[in-house]
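Okay, so here's the structure we're looking at.
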Amino acid sequence: MAKVIFYDSARIKSPVFEEIREAIKYRNLILQLVRRDVLTRYKRSVLGIAWTLLNPLGMALVLTLAFSQIFRFDTVHGYAAFVLSGLLAWNFFSQTTTAAMVNLVWGGGLLNRIYIPRASFALAAIGTGMVNILLAIIPLILVNYITKVPFTPAFFFLPVPLLLLACFSLGVGLLISTMAVYFPDVAEMYQIVLSAWFYLTPIIYPTEVLPEALQFWIRLNPMYHLVNLFRLPVYYGRLPTWEELLPALFFSIITLIIGWWFFTKKSDEFAYRI
Amino acid sequence: MSSLIESKLADMETAASTSEEEVIRLENVSVQYRVPQERIGTFKEYAIRWVQGKVKHRYFGALQNVDLSVRKGEVFGLIGQNGAGKSTLLKLVARVLRPTSGRVIVKGFVAPLLEIGAGFHPELTGRENIFLNGAMLGFTRDEMEEKFQNIVDFAELGEFIDAPLRTYSSGMWARLGFAVATETQPEILIVDEILSVGDEAFQHKSLERIQAFKADGATILLVSHGMGMIEQMCQRAAWLSHGRIIAYGSAHSVVDQYLGQVREDESKRLTQESAEQPVHRWGDRRLEIRQVTISNAKNQEQNTFYTGEILVLKIEYFAHEPIVSPIIGVAIYRQDGVHITGPNTSFADIDFGVLEGPGTVIYTIPYLTLLEGLYSISVAMVNEEDTIIYDYHDRIYPFRVNNHGKKDSERYGLMTMRGEWSIIPPKS
């Protein structure tokens, strides 16, 4: 009944691959953590899980009321659908990276007492974000319908941008959670970085409103490519071109590799740092 | 000392290589923590110092060249003071830490009871927490489903199982944690002072369950500050001090060595403390107390005793002029000032006649009836009528009586009555 486990510290040659193996072995734990996060998030609220649907709707409504009156951006279809599609992608990124960091710093005492793969928290944060964004796609479809955004088969391309977004978020989440273990102020700093990053990414405004000079520099922002890649199938109703897809692919994979490498390299010190 | 350890380790090596039952093995294991020399609290500060090249690290050796072997089915104890490296060692076995150098081998499924209930979420119900905690130990939902009822029964939670954990008492919380960890049928159980949680009935139940594990052939690694518990539960033990293994072998011998060291340290401390105290001494010193020593039956100086031991008080004096029939007296006080006894040579009908020059008097306590506590002795020399004080040493000589665990037949209070119990069977 009990699991036969043979552990030999000398066998661990590469923590980078070891962590991948362990994370796969502990996939049930990661699922349970996702379950926990989804269940507890709205547990004490009256509307419960419905908030996952109402939250993006509310934000889209506020932003639409504010910006369609003040700035009057020219968007192909309705502004509400435009801003909501960008927001979903952005919220996924900002929420999962923050959750990865907070879970490790606050829940990491657990790593001191019991063996679990250290990346579990970050992976669970991504999983929770996935559940949330999949649920939030329902109000997105609703808003698309109301604002008469045409529905095309390109919509089914969505898993690809989602996957890349998850890779990028995981990479960033691992990087900042490693830093937050050593320096508590990273958590505060990250919130400031996030709000600056939000405005530097074409989420509430279309890229076209930017001056020529900025249009080049914005290509260095990975979130520009990822938000765009998410928006193409759901809002513009078309598949990305290679020029649109490749930078997103490049940034996501590189970030994930760097984040994973940095995290696993430092994670042996976590047990006495947290 | 070191050669002794080496020979013991060598014994262990041969025993281990012939026995396939070894489940935990540490080979020349060291753990070093890398900590910044100065505490750098913020990232900003770190960045500035890093640019300046001022980030220096200090290496703190939590464990140094530790060899250890635990066999299947044994209860192995770890003793030592706080910070000696016991927890670090447990973390190595639990896979929480990796050794800086050396090798750790663990065969079997490990359940840590390092801090039970760790990993519970207060907003989730008991039921949900059981599955979450099970997943942390590596069990699937289906596997936990099978164990579920047993866990609930053992933890005595009843209907509370569907209430969120924040509504639980700390006792319920601890019971649930213990139940989950032990219901997973670990082959190796790591127990770190946990048996102090919960009420007495539950402690008893937990202890029983651990005994049952032992009977089933599980291996238990036990850390405790209670030497009685170690002697009672463990076959073998290791004593860690400053990250090294000082003694290794049968639990009794390791505990004895450890207690010996504790006694020695205590004596040093007491002597040092008494040296620091202001001297309470008066008298004209025509008859002078030169030296007072407290020793044991073997005439070895010592200031910690167990109840029932022999205490020998040796008083060396020097009469600077002929003194006729002085009285030499002793008084024993407890630390809080309670005067326990005041024997003197006059009560004992001893007449010294005329004393001149050096001499020695011995007061022997054949059976120290005092119980655990701190005591001090006064020694005085006065004339026959008790009107002139030659030399008075007021509570200058301290000694300590320690609890001897199971060997003491009486406890609590001031002294043992050396009483005996007998049972008269009821008449039928």
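Residue numbering restarts at 1 for every chain of the structure tokens, chains are lettered A, B, ... in their displayed order, and ligands are numbered from 1 as they appear.
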Define the interface residues of chain A facing chain B as those within 7 Å, counting only C-alpha atoms, and report them as a PyMOL selection string. chain A and resi 2-10+26+28-29+32+40+110-116+183-186+268+271
Expected file contents, prior selection, N, CA and C atoms, as a PDB file, in the first residue's frame:
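Wrote it out as selection.pdb, contents follow:
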ATOM      1  N   ALA A   2       1.720   1.342   1.011  1.00  0.00           N
ATOM      2  CA  ALA A   2       2.574   2.533   1.076  1.00  0.00           C
ATOM      3  C   ALA A   2       3.524   2.535  -0.108  1.00  0.00           C
ATOM      4  N   LYS A   3       3.896   3.736  -0.506  1.00  0.00           N
ATOM      5  CA  LYS A   3       4.710   3.849  -1.698  1.00  0.00           C
ATOM      6  C   LYS A   3       6.163   3.482  -1.405  1.00  0.00           C
ATOM      7  N   VAL A   4       6.720   2.706  -2.263  1.00  0.00           N
ATOM      8  CA  VAL A   4       8.122   2.366  -2.111  1.00  0.00           C
ATOM      9  C   VAL A   4       8.931   3.475  -2.763  1.00  0.00           C
ATOM     10  N   ILE A   5       9.739   4.108  -1.949  1.00  0.00           N
ATOM     11  CA  ILE A   5      10.514   5.217  -2.462  1.00  0.00           C
ATOM     12  C   ILE A   5      11.972   4.959  -2.123  1.00  0.00           C
ATOM     13  N   PHE A   6      12.805   5.169  -3.094  1.00  0.00           N
ATOM     14  CA  PHE A   6      14.232   5.082  -2.841  1.00  0.00           C
ATOM     15  C   PHE A   6      14.828   6.433  -3.150  1.00  0.00           C
ATOM     16  N   TYR A   7      15.438   7.014  -2.138  1.00  0.00           N
ATOM     17  CA  TYR A   7      15.990   8.348  -2.324  1.00  0.00           C
ATOM     18  C   TYR A   7      17.487   8.297  -2.092  1.00  0.00           C
ATOM     19  N   ASP A   8      18.214   8.803  -3.048  1.00  0.00           N
ATOM     20  CA  ASP A   8      19.666   8.878  -2.911  1.00  0.00           C
ATOM     21  C   ASP A   8      20.101  10.263  -3.354  1.00  0.00           C
ATOM     22  N   SER A   9      20.587  11.058  -2.384  1.00  0.00           N
ATOM     23  CA  SER A   9      20.925  12.444  -2.704  1.00  0.00           C
ATOM     24  C   SER A   9      22.011  12.525  -3.771  1.00  0.00           C
ATOM     25  N   ALA A  10      22.855  11.499  -3.865  1.00  0.00           N
ATOM     26  CA  ALA A  10      23.963  11.537  -4.817  1.00  0.00           C
ATOM     27  C   ALA A  10      23.478  11.355  -6.255  1.00  0.00           C
ATOM     28  N   TYR A  26       4.275  14.618  -8.881  1.00  0.00           N
ATOM     29  CA  TYR A  26       3.369  15.214  -7.901  1.00  0.00           C
ATOM     30  C   TYR A  26       2.227  15.972  -8.577  1.00  0.00           C
ATOM     31  N   ASN A  28      -0.739  15.254  -8.989  1.00  0.00           N
ATOM     32  CA  ASN A  28      -1.966  15.207  -8.193  1.00  0.00           C
ATOM     33  C   ASN A  28      -1.991  16.308  -7.137  1.00  0.00           C
ATOM     34  N   LEU A  29      -0.826  16.554  -6.537  1.00  0.00           N
ATOM     35  CA  LEU A  29      -0.748  17.626  -5.547  1.00  0.00           C
ATOM     36  C   LEU A  29      -1.051  18.970  -6.197  1.00  0.00           C
ATOM     37  N   GLN A  32      -4.609  19.367  -6.640  1.00  0.00           N
ATOM     38  CA  GLN A  32      -5.266  19.652  -5.361  1.00  0.00           C
ATOM     39  C   GLN A  32      -5.053  21.096  -4.935  1.00  0.00           C
ATOM     40  N   THR A  40     -11.153  28.285  -2.350  1.00  0.00           N
ATOM     41  CA  THR A  40     -11.060  29.229  -1.242  1.00  0.00           C
ATOM     42  C   THR A  40     -11.172  30.681  -1.685  1.00  0.00           C
ATOM     43  N   LEU A 110       5.948  25.499   4.501  1.00  0.00           N
ATOM     44  CA  LEU A 110       5.643  24.098   4.258  1.00  0.00           C
ATOM     45  C   LEU A 110       6.851  23.353   3.677  1.00  0.00           C
ATOM     46  N   LEU A 111       7.613  24.055   2.845  1.00  0.00           N
ATOM     47  CA  LEU A 111       8.779  23.429   2.214  1.00  0.00           C
ATOM     48  C   LEU A 111       9.814  23.007   3.254  1.00  0.00           C
ATOM     49  N   ASN A 112       9.691  23.596   4.437  1.00  0.00           N
ATOM     50  CA  ASN A 112      10.596  23.295   5.530  1.00  0.00           C
ATOM     51  C   ASN A 112      10.264  22.009   6.239  1.00  0.00           C
ATOM     52  N   ARG A 113       9.042  21.571   6.065  1.00  0.00           N
ATOM     53  CA  ARG A 113       8.557  20.490   6.916  1.00  0.00           C
ATOM     54  C   ARG A 113       8.292  19.214   6.151  1.00  0.00           C
ATOM     55  N   ILE A 114       7.993  19.359   4.896  1.00  0.00           N
ATOM     56  CA  ILE A 114       7.538  18.202   4.155  1.00  0.00           C
ATOM     57  C   ILE A 114       8.081  18.337   2.745  1.00  0.00           C
ATOM     58  N   TYR A 115       8.452  17.210   2.134  1.00  0.00           N
ATOM     59  CA  TYR A 115       8.985  17.329   0.784  1.00  0.00           C
ATOM     60  C   TYR A 115       7.863  17.458  -0.231  1.00  0.00           C
ATOM     61  N   ILE A 116       7.856  18.546  -0.947  1.00  0.00           N
ATOM     62  CA  ILE A 116       7.032  18.652  -2.146  1.00  0.00           C
ATOM     63  C   ILE A 116       7.889  19.400  -3.167  1.00  0.00           C
ATOM     64  N   PHE A 183      14.367  38.851  -0.817  1.00  0.00           N
ATOM     65  CA  PHE A 183      14.102  40.259  -0.494  1.00  0.00           C
ATOM     66  C   PHE A 183      12.602  40.508  -0.435  1.00  0.00           C
ATOM     67  N   PRO A 184      12.091  40.772   0.761  1.00  0.00           N
ATOM     68  CA  PRO A 184      10.649  40.974   0.902  1.00  0.00           C
ATOM     69  C   PRO A 184      10.126  42.158   0.083  1.00  0.00           C
ATOM     70  N   ASP A 185      10.962  43.144  -0.181  1.00  0.00           N
ATOM     71  CA  ASP A 185      10.443  44.318  -0.878  1.00  0.00           C
ATOM     72  C   ASP A 185      10.183  44.069  -2.358  1.00  0.00           C
ATOM     73  N   VAL A 186      10.617  42.915  -2.849  1.00  0.00           N
ATOM     74  CA  VAL A 186      10.358  42.594  -4.252  1.00  0.00           C
ATOM     75  C   VAL A 186       8.851  42.534  -4.505  1.00  0.00           C
ATOM     76  N   ASP A 268      17.427  25.110  -3.479  1.00  0.00           N
ATOM     77  CA  ASP A 268      17.986  24.371  -2.343  1.00  0.00           C
ATOM     78  C   ASP A 268      18.179  25.261  -1.121  1.00  0.00           C
ATOM     79  N   ALA A 271      14.756  26.298   1.837  1.00  0.00           N
ATOM     80  CA  ALA A 271      14.334  25.675   3.090  1.00  0.00           C
ATOM     81  C   ALA A 271      14.839  26.429   4.315  1.00  0.00           C
TER      82      ALA A 271
END
Contacts of region 199-205 of chain A at 7 Å or less, counting only C-alpha atoms, minus same-chain residues fewer than 6 places along, as a PyMOL selection string? chain A and resi 73+83+86-87+223-224
Output for the residues just chosen: N, CA and C atoms as a PDB file, in the first residue's frame:
ATOM      1  N   PHE A  73     -10.947  55.969 -28.498  1.00  0.00           N
ATOM      2  CA  PHE A  73     -10.036  55.242 -29.371  1.00  0.00           C
ATOM      3  C   PHE A  73     -10.824  54.644 -30.520  1.00  0.00           C
ATOM      4  N   VAL A  83     -11.275  45.941 -25.090  1.00  0.00           N
ATOM      5  CA  VAL A  83     -10.587  46.074 -23.812  1.00  0.00           C
ATOM      6  C   VAL A  83     -10.689  44.778 -22.997  1.00  0.00           C
ATOM      7  N   GLY A  86      -8.092  42.164 -24.089  1.00  0.00           N
ATOM      8  CA  GLY A  86      -6.757  42.508 -23.602  1.00  0.00           C
ATOM      9  C   GLY A  86      -6.629  42.288 -22.108  1.00  0.00           C
ATOM     10  N   LEU A  87      -7.695  42.663 -21.404  1.00  0.00           N
ATOM     11  CA  LEU A  87      -7.677  42.550 -19.947  1.00  0.00           C
ATOM     12  C   LEU A  87      -7.537  41.100 -19.482  1.00  0.00           C
ATOM     13  N   MET A 223       4.851  41.260 -23.465  1.00  0.00           N
ATOM     14  CA  MET A 223       3.408  41.250 -23.262  1.00  0.00           C
ATOM     15  C   MET A 223       2.666  41.892 -24.446  1.00  0.00           C
ATOM     16  N   TYR A 224       3.353  42.752 -25.167  1.00  0.00           N
ATOM     17  CA  TYR A 224       2.748  43.316 -26.369  1.00  0.00           C
ATOM     18  C   TYR A 224       2.385  42.187 -27.340  1.00  0.00           C
TER      19      TYR A 224
END
Could you go through region 246-303 of chain B and tell me which residues DSSP, when run on the backbone, assigns to strand (DSSP E), listing them as number ranges by chain? B: 246-250, 281-282, 287-295
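For the pair CA of Ala81 (chain A) and CA of Thr147 (chain A), the separation is 6.9 Å.
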Could you go through region 54-211 of chain A and tell me which residues DSSP, when run on the backbone, assigns to helix (DSSP H, G or I), listing them as a count of residues only? 126
Which residue of A:Ile138, A:Val181, A:Ala60, A:Ile133 approaches Gly109 (chain A) most closely, using only C-alpha atoms: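 When distances to Gly109 (chain A) are compared using only C-alpha atoms, the smallest one comes from A:Val181.
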